[in-house]
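For reference, model_0.pdb is printed below; it contains PDB, C-alpha atoms.
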```pdb
ATOM      1  CA  MET A  32      79.117 258.209  39.041
ATOM      2  CA  ARG A  33      82.677 257.865  37.834
ATOM      3  CA  PRO A  34      84.264 254.381  37.858
ATOM      4  CA  GLU A  35      86.759 255.360  40.612
ATOM      5  CA  LYS A  36      83.928 256.454  42.879
ATOM      6  CA  GLN A  37      81.942 253.314  42.102
ATOM      7  CA  ALA A  38      84.944 251.180  43.017
ATOM      8  CA  LEU A  39      85.395 253.133  46.266
ATOM      9  CA  THR A  40      81.707 252.750  47.069
ATOM     10  CA  GLN A  41      81.973 248.985  46.560
ATOM     11  CA  GLU A  42      85.072 248.862  48.781
ATOM     12  CA  TYR A  43      83.242 250.729  51.585
ATOM     13  CA  LEU A  44      80.188 248.529  51.104
ATOM     14  CA  GLN A  45      82.277 245.366  51.394
ATOM     15  CA  ARG A  46      83.901 246.610  54.620
ATOM     16  CA  LEU A  47      80.512 247.497  56.089
ATOM     17  CA  GLN A  48      79.064 244.098  55.217
ATOM     18  CA  ASN A  49      82.058 242.171  56.619
ATOM     19  CA  SER A  50      82.142 243.980  59.944
ATOM     20  CA  PRO A  51      79.624 243.723  62.788
ATOM     21  CA  TYR A  52      80.405 247.333  63.736
ATOM     22  CA  VAL A  53      81.733 250.644  62.444
ATOM     23  CA  ILE A  54      83.252 253.385  64.562
ATOM     24  CA  LEU A  55      83.677 256.780  62.921
ATOM     25  CA  VAL A  56      86.427 258.953  64.381
ATOM     26  CA  ASN A  57      87.472 262.496  63.622
ATOM     27  CA  TYR A  58      91.198 262.369  62.942
ATOM     28  CA  THR A  59      91.789 266.108  62.440
ATOM     29  CA  GLY A  60      95.318 267.028  63.495
ATOM     30  CA  LEU A  61      96.638 263.473  63.596
ATOM     31  CA  ASN A  62      99.981 263.236  61.772
ATOM     32  CA  VAL A  63     101.109 260.315  59.611
ATOM     33  CA  ALA A  64     103.309 258.744  62.319
ATOM     34  CA  ALA A  65     100.470 258.799  64.868
ATOM     35  CA  MET A  66      98.000 257.450  62.303
ATOM     36  CA  THR A  67     100.397 254.587  61.513
ATOM     37  CA  GLU A  68     100.760 253.814  65.232
ATOM     38  CA  LEU A  69      96.970 253.825  65.661
ATOM     39  CA  ARG A  70      96.577 251.411  62.750
ATOM     40  CA  ARG A  71      99.217 249.125  64.283
ATOM     41  CA  ARG A  72      97.416 249.069  67.635
ATOM     42  CA  LEU A  73      94.055 248.436  66.010
ATOM     43  CA  ARG A  74      95.519 245.461  64.148
ATOM     44  CA  GLY A  75      96.072 243.844  67.562
ATOM     45  CA  ALA A  76      92.321 244.166  68.170
ATOM     46  CA  GLU A  77      91.641 242.683  64.707
ATOM     47  CA  ALA A  78      90.371 246.049  63.466
ATOM     48  CA  GLU A  79      91.308 248.383  60.631
ATOM     49  CA  LEU A  80      91.222 252.158  60.214
ATOM     50  CA  HIS A  81      90.520 253.684  56.814
ATOM     51  CA  VAL A  82      90.129 257.348  55.910
ATOM     52  CA  ILE A  83      86.792 257.806  54.167
ATOM     53  CA  LYS A  84      85.183 260.208  51.735
ATOM     54  CA  ASN A  85      81.992 261.270  53.480
ATOM     55  CA  THR A  86      79.679 261.504  50.454
ATOM     56  CA  ILE A  87      80.764 258.134  49.065
ATOM     57  CA  PHE A  88      80.582 256.524  52.516
ATOM     58  CA  ARG A  89      77.035 257.892  52.886
ATOM     59  CA  ILE A  90      76.036 256.077  49.678
ATOM     60  CA  ALA A  91      77.716 252.828  50.781
ATOM     61  CA  ALA A  92      76.042 253.009  54.213
ATOM     62  CA  ARG A  93      72.643 253.447  52.583
ATOM     63  CA  GLU A  94      73.317 250.453  50.297
ATOM     64  CA  ALA A  95      74.449 248.387  53.316
ATOM     65  CA  GLY A  96      71.110 249.034  55.011
ATOM     66  CA  LEU A  97      72.448 251.379  57.691
ATOM     67  CA  GLY A  98      70.059 254.135  56.667
ATOM     68  CA  ASP A  99      70.890 257.717  55.847
ATOM     69  CA  LEU A 100      73.765 258.901  58.029
ATOM     70  CA  GLY A 101      73.124 262.467  56.826
ATOM     71  CA  ASP A 102      74.522 265.014  59.278
ATOM     72  CA  LEU A 103      76.780 262.461  61.016
ATOM     73  CA  LEU A 104      79.282 262.453  58.163
ATOM     74  CA  THR A 105      80.945 265.837  58.602
ATOM     75  CA  GLY A 106      84.605 266.671  59.044
ATOM     76  CA  GLN A 107      87.704 264.568  58.492
ATOM     77  CA  LEU A 108      86.485 261.086  59.320
ATOM     78  CA  ALA A 109      88.007 257.640  59.367
ATOM     79  CA  ALA A 110      86.097 254.386  59.753
ATOM     80  CA  VAL A 111      87.207 251.623  62.107
ATOM     81  CA  THR A 112      85.872 248.199  61.184
ATOM     82  CA  GLY A 113      86.805 244.765  62.430
ATOM     83  CA  ARG A 114      85.964 241.125  62.804
ATOM     84  CA  ARG A 115      85.942 240.840  66.610
ATOM     85  CA  ASP A 116      83.937 242.692  69.198
ATOM     86  CA  ILE A 117      83.510 246.446  69.191
ATOM     87  CA  CYS A 118      84.792 246.747  72.782
ATOM     88  CA  ALA A 119      88.370 245.847  71.844
ATOM     89  CA  ALA A 120      88.498 248.480  69.093
ATOM     90  CA  ALA A 121      86.827 251.101  71.310
ATOM     91  CA  LYS A 122      89.351 250.353  74.068
ATOM     92  CA  VAL A 123      92.271 250.891  71.662
ATOM     93  CA  LEU A 124      90.757 254.182  70.453
ATOM     94  CA  LYS A 125      90.148 255.361  74.026
ATOM     95  CA  THR A 126      93.704 254.518  75.127
ATOM     96  CA  PHE A 127      95.201 256.132  72.031
ATOM     97  CA  ALA A 128      93.090 259.285  72.465
ATOM     98  CA  ALA A 129      94.222 259.530  76.097
ATOM     99  CA  GLU A 130      97.853 259.519  74.945
ATOM    100  CA  PHE A 131      97.578 261.759  71.872
ATOM    101  CA  ASP A 132      94.330 263.685  72.547
ATOM    102  CA  LYS A 133      93.216 262.450  69.102
ATOM    103  CA  PRO A 134      91.242 260.962  67.399
ATOM    104  CA  LYS A 135      87.859 262.024  68.734
ATOM    105  CA  LEU A 136      85.123 259.423  68.801
ATOM    106  CA  HIS A 137      82.355 260.612  66.511
ATOM    107  CA  VAL A 138      79.689 257.920  66.202
ATOM    108  CA  GLY A 139      79.423 254.150  66.139
ATOM    109  CA  LEU A 140      77.153 251.689  64.403
ATOM    110  CA  LEU A 141      76.612 248.283  65.975
ATOM    111  CA  GLY A 142      74.346 246.296  63.698
ATOM    112  CA  ASN A 143      71.602 248.809  62.947
ATOM    113  CA  GLN A 144      71.945 250.608  66.277
ATOM    114  CA  GLN A 145      73.607 254.004  66.373
ATOM    115  CA  LEU A 146      75.972 254.715  69.293
ATOM    116  CA  ASP A 147      77.094 258.158  70.363
ATOM    117  CA  ALA A 148      80.553 259.004  71.733
ATOM    118  CA  ALA A 149      79.466 258.457  75.363
ATOM    119  CA  GLN A 150      78.148 254.975  74.588
ATOM    120  CA  LEU A 151      81.390 254.131  72.785
ATOM    121  CA  GLN A 152      83.318 255.239  75.897
ATOM    122  CA  GLU A 153      81.179 252.881  78.001
ATOM    123  CA  LEU A 154      81.934 250.009  75.620
ATOM    124  CA  ALA A 155      85.645 250.796  75.907
ATOM    125  CA  GLU A 156      85.460 250.337  79.674
ATOM    126  CA  LEU A 157      83.921 246.864  79.481
ATOM    127  CA  PRO A 158      86.200 243.892  80.090
ATOM    128  CA  PRO A 159      87.224 241.841  77.035
ATOM    129  CA  LEU A 160      84.681 239.405  75.625
ATOM    130  CA  ASP A 161      86.588 236.355  76.911
ATOM    131  CA  VAL A 162      86.504 237.742  80.466
ATOM    132  CA  LEU A 163      82.761 238.421  80.214
ATOM    133  CA  ARG A 164      82.193 234.856  78.992
ATOM    134  CA  ALA A 165      84.224 233.477  81.901
ATOM    135  CA  GLN A 166      82.227 235.584  84.380
ATOM    136  CA  LEU A 167      78.957 234.366  82.890
ATOM    137  CA  LEU A 168      80.129 230.760  83.026
ATOM    138  CA  GLY A 169      81.098 231.226  86.670
ATOM    139  CA  LEU A 170      77.652 232.613  87.463
ATOM    140  CA  LEU A 171      75.991 229.686  85.733
ATOM    141  CA  GLN A 172      78.164 227.093  87.509
ATOM    142  CA  GLU A 173      77.838 228.575  91.012
ATOM    143  CA  PRO A 174      74.349 227.186  91.830
ATOM    144  CA  ALA A 175      75.396 223.675  90.770
ATOM    145  CA  ALA A 176      78.568 223.907  92.854
ATOM    146  CA  ARG A 177      76.558 225.033  95.895
ATOM    147  CA  LEU A 178      74.167 222.121  95.443
ATOM    148  CA  VAL A 179      77.044 219.627  95.292
ATOM    149  CA  ARG A 180      78.584 221.101  98.473
ATOM    150  CA  LEU A 181      75.195 220.990 100.213
ATOM    151  CA  ILE A 182      74.664 217.340  99.280
ATOM    152  CA  GLN A 183      78.211 216.370 100.317
ATOM    153  CA  THR A 184      78.128 218.149 103.693
ATOM    154  CA  PRO A 185      76.062 215.568 105.670
ATOM    155  CA  ALA A 186      78.104 212.674 104.281
ATOM    156  CA  ALA A 187      81.361 214.472 105.100
ATOM    157  CA  GLN A 188      80.148 215.252 108.618
ATOM    158  CA  LEU A 189      79.126 211.618 109.160
ATOM    159  CA  ALA A 190      82.526 210.450 107.913
ATOM    160  CA  ARG A 191      84.270 212.821 110.369
ATOM    161  CA  VAL A 192      82.136 211.571 113.273
ATOM    162  CA  LEU A 193      82.901 207.956 112.393
ATOM    163  CA  GLN A 194      86.609 208.735 112.008
ATOM    164  CA  ALA A 195      86.622 210.461 115.412
ATOM    165  CA  ARG A 196      84.927 207.424 116.958
ATOM    166  CA  VAL A 197      87.493 205.091 115.346
ATOM    167  CA  ASP A 198      90.341 207.312 116.558
ATOM    168  CA  LYS A 199      88.882 207.429 120.072
ATOM    169  CA  GLU A 200      88.414 203.651 120.282
ATOM    170  CA  GLY A 201      91.762 202.992 118.616
ATOM    171  CA  GLY A 202      93.451 205.309 121.146
ATOM    172  CA  GLN A 203      91.790 203.526 124.086
ATOM    173  CA  ALA A 204      92.671 200.080 122.733
ATOM    174  CA  ALA A 205      96.310 201.124 122.287
ATOM    175  CA  GLY A 206      96.395 202.681 125.777
ATOM    176  CA  SER A 207      95.001 199.585 127.655
TER     177      SER A 207
END
```
Go through the file and emit its structure as structure tokens.
Amino acid sequence: MRPEKQALTQEYLQRLQNSPYVILVNYTGLNVAAMTELRRRLRGAEAELHVIKNTIFRIAAREAGLGDLGDLLTGQLAAVTGRRDICAAAKVLKTFAAEFDKPKLHVGLLGNQQLDAAQLQELAELPPLDVLRAQLLGLLQEPAARLVRLIQTPAAQLARVLQARVDKEGGQAAGS
């Protein structure tokens, strides 16, 4: 392999190893201005888009332990990689595709699991990771909060009864 291709393979390999996911998109028909806009939006999701050479990417994917991607690497493809969760990048791609009708989601790799376009669409519809964490925390805290309210209820009721008795006696003493 020529030195340029070896360097490109190493670059792809490094990106694959530094990212928990890869989304391959078909960018056919996307002009330079739209591609630049897509890259800008992906930066907000801490993701990057890079046009790839399919045969060299296939070698890098094999070296990264992703297996043989074989028939998946056809057409004009770009790889989206990032440091955060895959949902944020998928959401940007979905929104962008709704506006420009491009790029088309091709396939995704999350760890060693392969995701098709429909699964990527489902990930794009999930709430952000911070929201999911907050919902989970709320679910975990709810039983404890119910228990505290249940324990406090008899004491609060007793305090209200005593306060009503004091108010009743205080009102009679003031009235006599």
If we count all atoms listed in the file, what is near Lys125 in chain A at a cut-off of 9 Å, once residues fewer than 2 positions away on the same chain are taken out, given as a list of chain:residue names?
A:Ala120, A:Ala121, A:Lys122, A:Val123, A:Phe127, A:Ala128, A:Ala129, A:Glu130, A:Pro134, A:Lys135, A:Leu136, A:Leu151, A:Gln152, A:Ala155, A:Glu156
Counting only C-alpha atoms, what are the residues of range 137-171 of chain A within 6 Å of range 43-63 of chain A, and for each of them which pair of atoms is the nearest and at what distance in Å, to one decimal? Sort the table by chain and rising number, as JSON lines.
```
{"residue": "A:His137", "atom": "CA", "partner": "A:Val56", "partner_atom": "CA", "distance": 4.9}
{"residue": "A:Val138", "atom": "CA", "partner": "A:Leu55", "partner_atom": "CA", "distance": 5.3}
{"residue": "A:Gly139", "atom": "CA", "partner": "A:Ile54", "partner_atom": "CA", "distance": 4.2}
{"residue": "A:Leu140", "atom": "CA", "partner": "A:Val53", "partner_atom": "CA", "distance": 5.1}
{"residue": "A:Leu141", "atom": "CA", "partner": "A:Tyr52", "partner_atom": "CA", "distance": 4.5}
{"residue": "A:Gly142", "atom": "CA", "partner": "A:Pro51", "partner_atom": "CA", "distance": 5.9}
```
Can you spell out as a list in words the set of residues that the PyMOL selection byres ((chain A and resi 89) around 8) selects in the structure I just provided?
Asn85, Thr86, Ile87, Phe88, Ile90, Ala91, Ala92, Arg93, Asp99, Leu100, Gly101 and Leu104 of chain A
Selected by the PyMOL selection byres ((chain A and resi 119) around 9) in the shown coordinates: which residues, as a PyMOL selection string?
chain A and resi 73+76-78+115-118+120-124+154-155+157-160
Let me know the centre plus edge lengths, in Å and rounded to one decimal, of a box with edges along x, y and z that contains all listed atoms of range 47-50 of chain A and is padded by 6 Å on every side, as AutoDock Vina command-line options.
```
--center_x 80.6 --center_y 244.8 --center_z 57.6 --size_x 15.1 --size_y 17.3 --size_z 16.7
```
Grab the CA of Gly98 in chain A to CA of Lys133 in chain A distance for me, in Å with one decimal place.
27.6 Å
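Rounded to one decimal, CA of Ala65 in chain A and CA of Asp132 in chain A lie 11.0 Å from each other.
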Can you turn the PyMOL selection byres ((chain A and resi 81) around 9) into a concrete residue list for this file, as a PDB file with C-alpha atoms, in the coordinates of the input?
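What landed in expr_29.pdb:
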```pdb
ATOM      1  CA  ARG A  70      96.577 251.411  62.750  1.00  0.00           C
ATOM      2  CA  GLU A  79      91.308 248.383  60.631  1.00  0.00           C
ATOM      3  CA  LEU A  80      91.222 252.158  60.214  1.00  0.00           C
ATOM      4  CA  VAL A  82      90.129 257.348  55.910  1.00  0.00           C
ATOM      5  CA  ILE A  83      86.792 257.806  54.167  1.00  0.00           C
ATOM      6  CA  LEU A 108      86.485 261.086  59.320  1.00  0.00           C
ATOM      7  CA  ALA A 109      88.007 257.640  59.367  1.00  0.00           C
ATOM      8  CA  ALA A 110      86.097 254.386  59.753  1.00  0.00           C
ATOM      9  CA  VAL A 111      87.207 251.623  62.107  1.00  0.00           C
ATOM     10  CA  THR A 112      85.872 248.199  61.184  1.00  0.00           C
TER      11      THR A 112
END
```
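When CA of Gln145 in chain A is paired with CA of Leu39 in chain A, their separation reads 23.3 Å.
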How about completing range 33-57 of chain A with N, CA and C atoms and giving it to me as a PDB file, keeping the file's coordinate frame?
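Okay, out-v2.pdb is ready:
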```pdb
ATOM      1  N   ARG A  33      81.454 258.302  38.504  1.00  0.00           N
ATOM      2  CA  ARG A  33      82.677 257.865  37.834  1.00  0.00           C
ATOM      3  C   ARG A  33      83.104 256.486  38.331  1.00  0.00           C
ATOM      4  N   PRO A  34      83.841 255.748  37.482  1.00  0.00           N
ATOM      5  CA  PRO A  34      84.264 254.381  37.858  1.00  0.00           C
ATOM      6  C   PRO A  34      85.091 254.339  39.145  1.00  0.00           C
ATOM      7  N   GLU A  35      85.947 255.357  39.376  1.00  0.00           N
ATOM      8  CA  GLU A  35      86.759 255.360  40.612  1.00  0.00           C
ATOM      9  C   GLU A  35      85.868 255.451  41.836  1.00  0.00           C
ATOM     10  N   LYS A  36      84.834 256.295  41.741  1.00  0.00           N
ATOM     11  CA  LYS A  36      83.928 256.454  42.879  1.00  0.00           C
ATOM     12  C   LYS A  36      83.071 255.209  43.073  1.00  0.00           C
ATOM     13  N   GLN A  37      82.697 254.559  41.980  1.00  0.00           N
ATOM     14  CA  GLN A  37      81.942 253.314  42.102  1.00  0.00           C
ATOM     15  C   GLN A  37      82.784 252.235  42.770  1.00  0.00           C
ATOM     16  N   ALA A  38      84.046 252.163  42.405  1.00  0.00           N
ATOM     17  CA  ALA A  38      84.944 251.180  43.017  1.00  0.00           C
ATOM     18  C   ALA A  38      85.114 251.471  44.506  1.00  0.00           C
ATOM     19  N   LEU A  39      85.249 252.742  44.865  1.00  0.00           N
ATOM     20  CA  LEU A  39      85.395 253.133  46.266  1.00  0.00           C
ATOM     21  C   LEU A  39      84.121 252.821  47.050  1.00  0.00           C
ATOM     22  N   THR A  40      82.981 253.068  46.434  1.00  0.00           N
ATOM     23  CA  THR A  40      81.707 252.750  47.069  1.00  0.00           C
ATOM     24  C   THR A  40      81.615 251.253  47.346  1.00  0.00           C
ATOM     25  N   GLN A  41      82.009 250.439  46.386  1.00  0.00           N
ATOM     26  CA  GLN A  41      81.973 248.985  46.560  1.00  0.00           C
ATOM     27  C   GLN A  41      82.940 248.533  47.660  1.00  0.00           C
ATOM     28  N   GLU A  42      84.096 249.183  47.731  1.00  0.00           N
ATOM     29  CA  GLU A  42      85.072 248.862  48.781  1.00  0.00           C
ATOM     30  C   GLU A  42      84.488 249.167  50.163  1.00  0.00           C
ATOM     31  N   TYR A  43      83.878 250.362  50.311  1.00  0.00           N
ATOM     32  CA  TYR A  43      83.242 250.729  51.585  1.00  0.00           C
ATOM     33  C   TYR A  43      82.111 249.762  51.916  1.00  0.00           C
ATOM     34  N   LEU A  44      81.315 249.427  50.909  1.00  0.00           N
ATOM     35  CA  LEU A  44      80.188 248.529  51.104  1.00  0.00           C
ATOM     36  C   LEU A  44      80.669 247.159  51.587  1.00  0.00           C
ATOM     37  N   GLN A  45      81.726 246.662  50.993  1.00  0.00           N
ATOM     38  CA  GLN A  45      82.277 245.366  51.394  1.00  0.00           C
ATOM     39  C   GLN A  45      82.756 245.405  52.851  1.00  0.00           C
ATOM     40  N   ARG A  46      83.436 246.488  53.223  1.00  0.00           N
ATOM     41  CA  ARG A  46      83.901 246.610  54.620  1.00  0.00           C
ATOM     42  C   ARG A  46      82.725 246.651  55.584  1.00  0.00           C
ATOM     43  N   LEU A  47      81.684 247.385  55.226  1.00  0.00           N
ATOM     44  CA  LEU A  47      80.512 247.497  56.089  1.00  0.00           C
ATOM     45  C   LEU A  47      79.799 246.150  56.230  1.00  0.00           C
ATOM     46  N   GLN A  48      79.742 245.386  55.173  1.00  0.00           N
ATOM     47  CA  GLN A  48      79.064 244.098  55.217  1.00  0.00           C
ATOM     48  C   GLN A  48      79.881 243.038  55.952  1.00  0.00           C
ATOM     49  N   ASN A  49      81.193 243.161  55.973  1.00  0.00           N
ATOM     50  CA  ASN A  49      82.058 242.171  56.619  1.00  0.00           C
ATOM     51  C   ASN A  49      82.335 242.469  58.083  1.00  0.00           C
ATOM     52  N   SER A  50      81.863 243.591  58.572  1.00  0.00           N
ATOM     53  CA  SER A  50      82.142 243.980  59.944  1.00  0.00           C
ATOM     54  C   SER A  50      80.846 244.085  60.738  1.00  0.00           C
ATOM     55  N   PRO A  51      80.832 243.581  61.971  1.00  0.00           N
ATOM     56  CA  PRO A  51      79.624 243.723  62.788  1.00  0.00           C
ATOM     57  C   PRO A  51      79.453 245.145  63.344  1.00  0.00           C
ATOM     58  N   TYR A  52      80.469 245.970  63.208  1.00  0.00           N
ATOM     59  CA  TYR A  52      80.405 247.333  63.736  1.00  0.00           C
ATOM     60  C   TYR A  52      81.219 248.283  62.861  1.00  0.00           C
ATOM     61  N   VAL A  53      80.946 249.573  63.059  1.00  0.00           N
ATOM     62  CA  VAL A  53      81.733 250.644  62.444  1.00  0.00           C
ATOM     63  C   VAL A  53      81.838 251.749  63.487  1.00  0.00           C
ATOM     64  N   ILE A  54      83.046 252.232  63.692  1.00  0.00           N
ATOM     65  CA  ILE A  54      83.252 253.385  64.562  1.00  0.00           C
ATOM     66  C   ILE A  54      83.836 254.486  63.694  1.00  0.00           C
ATOM     67  N   LEU A  55      83.171 255.638  63.669  1.00  0.00           N
ATOM     68  CA  LEU A  55      83.677 256.780  62.921  1.00  0.00           C
ATOM     69  C   LEU A  55      84.397 257.705  63.891  1.00  0.00           C
ATOM     70  N   VAL A  56      85.618 258.073  63.539  1.00  0.00           N
ATOM     71  CA  VAL A  56      86.427 258.953  64.381  1.00  0.00           C
ATOM     72  C   VAL A  56      86.862 260.167  63.570  1.00  0.00           C
ATOM     73  N   ASN A  57      86.967 261.282  64.252  1.00  0.00           N
ATOM     74  CA  ASN A  57      87.472 262.496  63.622  1.00  0.00           C
ATOM     75  C   ASN A  57      88.977 262.526  63.873  1.00  0.00           C
TER      76      ASN A  57
END
```
